[in-house]
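S.K.: Please read through the structure below; I'll follow up with questions.
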Amino acid sequence: MAQFEDAVDRLRAWILSGRYEPGVKLGAAEVAQELGMSRTPVREAFRTLSMEGLIELSANRGARVAIWADDDLDSVFETRVALEGTASRIAAHRITLTQTDELEELARHILRLTHEDSARNLSEIQQLNSDFHNLIVDVAASDTLTTAMSGVVHAAILTRTRESYDEEARLRSAYHHLEIVAALRAGDGRWAQSVMTSHLLAARASLIGPRRELEP
């Protein structure tokens with residue numbers, strides 16, 4: 001089990017860092033050699049990461065790093081806006097002082113790393129960001145939301161977003177976290193939902209670009 005978890009963590013990090021680029025074929029033997037382990041935990045890791053949307057598995061072509069079209073990513077963001085916005089609104093009425101403090105600590109850590117060097121600290125920022133968003137969903141404690149979120153592509157696939165940010169966008173994202181915490185601390189669900197929505201839509205714009213609405 002330890003090797004399997006290590007394989008998942010390291011492969012995920014390599015994909016998100018760009019070490020394995022989209023479309024690259026992943027051979028179990030070659031990856032196992034790089035990781036210094038047998039093929040079995042690597043194949044299990046491939047299956048886990050395929051459920052996260054990071055790897056595509058095919059009976060004929062084996063495993064390769066997933067390629068995401070803009071339309072697919074747009075759909076992911078729309079789903080996250082609906083689900084995480086709702087989770088933030090619910091969490092505002094359920095969150096404890098300890099949980100709020102934990103979220104604030106994560107948010108301030110993200111901001112510090114962003115000010116220091118957001119490009120160099122990208123991997124750590126992403127992990128903290130995932131912890132932040134996951135905690136809000138956990139606080140909402142909704143079985144329906146949790147089930148729905150499990151069907152959405154892993155948030156890590158959107159790490160590409162941060163690589164697309166300019167410095168201003170990265171700082172804006174970091175400050176969004178602090179405002180979300182302020183809304184949760186105030187127990188204001190509508191405020192929390194509004195900021196989470198803005199946060200995710202800003203991330204979408206950085207990744208995909210301007211939204212082109214259809215003419216009426």
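Note on naming: chains are A, B, ... as they come in the structure tokens, residues start from 1 per chain, ligands start from 1 in the order shown.
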List every residue of region 52-183 of chain A that DSSP, applied to the backbone, labels as strand (DSSP E), and write the result as a list in words.
M.R.: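 The residues of region 52-183 of chain A classed as strand (DSSP E) are Ile55, Glu56, Leu57, Ser58, Gly62, Ala63, Arg64 and Val65 of chain A.
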S.K.: Keeping C-alpha atoms for every residue in the selection just given, could you write it to a file as a compact mmCIF listing (two decimals), in the first residue's frame?
M.R.:
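out07.txt written:
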```txt
# COMPACT_ATOMS: atom_id res chain seq x y z
CA ILE A 55 -4.30 9.84 -17.11
CA GLU A 56 -6.23 8.23 -19.96
CA LEU A 57 -6.30 4.43 -20.09
CA SER A 58 -7.00 2.52 -23.29
CA GLY A 62 -2.16 1.79 -22.72
CA ALA A 63 -1.72 4.84 -20.48
CA ARG A 64 -1.00 8.40 -21.47
CA VAL A 65 -1.22 11.80 -19.82
```
S.K.: Taking 2 positions as the minimum chain separation for residues in the same chain, which residues sit within 8 Å of Leu171 (chain A) when counting only C-alpha atoms? Answer as a PDB file with N, CA and C atoms, in the first residue's frame.
M.R.:
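Generated file (around-v7.pdb):
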```pdb
ATOM      1  N   LEU A 111      -0.611  32.767   0.491  1.00  0.00           N
ATOM      2  CA  LEU A 111      -0.244  34.145   0.173  1.00  0.00           C
ATOM      3  C   LEU A 111       1.251  34.376   0.363  1.00  0.00           C
ATOM      4  N   THR A 114       3.129  32.785  -2.448  1.00  0.00           N
ATOM      5  CA  THR A 114       2.889  33.528  -3.688  1.00  0.00           C
ATOM      6  C   THR A 114       3.748  34.781  -3.734  1.00  0.00           C
ATOM      7  N   HIS A 115       3.845  35.476  -2.613  1.00  0.00           N
ATOM      8  CA  HIS A 115       4.690  36.673  -2.551  1.00  0.00           C
ATOM      9  C   HIS A 115       6.167  36.308  -2.720  1.00  0.00           C
ATOM     10  N   GLU A 167       1.499  37.381 -12.582  1.00  0.00           N
ATOM     11  CA  GLU A 167       1.697  37.616 -11.147  1.00  0.00           C
ATOM     12  C   GLU A 167       0.473  38.260 -10.503  1.00  0.00           C
ATOM     13  N   GLU A 168      -0.168  39.168 -11.225  1.00  0.00           N
ATOM     14  CA  GLU A 168      -1.358  39.834 -10.682  1.00  0.00           C
ATOM     15  C   GLU A 168      -2.473  38.819 -10.427  1.00  0.00           C
ATOM     16  N   ALA A 169      -2.664  37.892 -11.358  1.00  0.00           N
ATOM     17  CA  ALA A 169      -3.720  36.893 -11.210  1.00  0.00           C
ATOM     18  C   ALA A 169      -3.423  35.947 -10.055  1.00  0.00           C
ATOM     19  N   SER A 173      -5.817  35.463  -6.793  1.00  0.00           N
ATOM     20  CA  SER A 173      -6.292  34.157  -6.340  1.00  0.00           C
ATOM     21  C   SER A 173      -5.995  33.941  -4.870  1.00  0.00           C
ATOM     22  N   ALA A 174      -4.775  34.321  -4.449  1.00  0.00           N
ATOM     23  CA  ALA A 174      -4.384  34.147  -3.044  1.00  0.00           C
ATOM     24  C   ALA A 174      -5.265  34.986  -2.120  1.00  0.00           C
ATOM     25  N   TYR A 175      -5.557  36.226  -2.521  1.00  0.00           N
ATOM     26  CA  TYR A 175      -6.392  37.085  -1.686  1.00  0.00           C
ATOM     27  C   TYR A 175      -7.852  36.623  -1.668  1.00  0.00           C
TER      28      TYR A 175
END
```
S.K.: For a quick check of understanding, using only C-alpha atoms, which of A:Arg185, A:Ser88, A:Ser75, A:Ala205 has the smallest distance to Asp101 (chain A)?
M.R.: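 Closest to Asp101 (chain A), using only C-alpha atoms: A:Arg185.
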S.K.: Quick one: residues within 10 Å of Gly27 (chain A), only C-alpha atoms, excluding same-chain residues fewer than 3 positions away - as a ChimeraX atom specification?
M.R.: /A:24,30-33,39,42-43,62-64
S.K.: Smallest atom-to-atom distance to Glu5 (chain A): which of A:Leu135, A:Thr98, A:Ala186, A:Leu49, using only C-alpha atoms?
M.R.: A:Leu49
S.K.: What residues in region 3-198 of chain A get the DSSP label alpha helix (DSSP H)? Please answer as a ChimeraX atom specification.
M.R.: /A:3-17,28-35,39-51,70-91,97-117,122-140,143-150,160-164,167-185,189-198
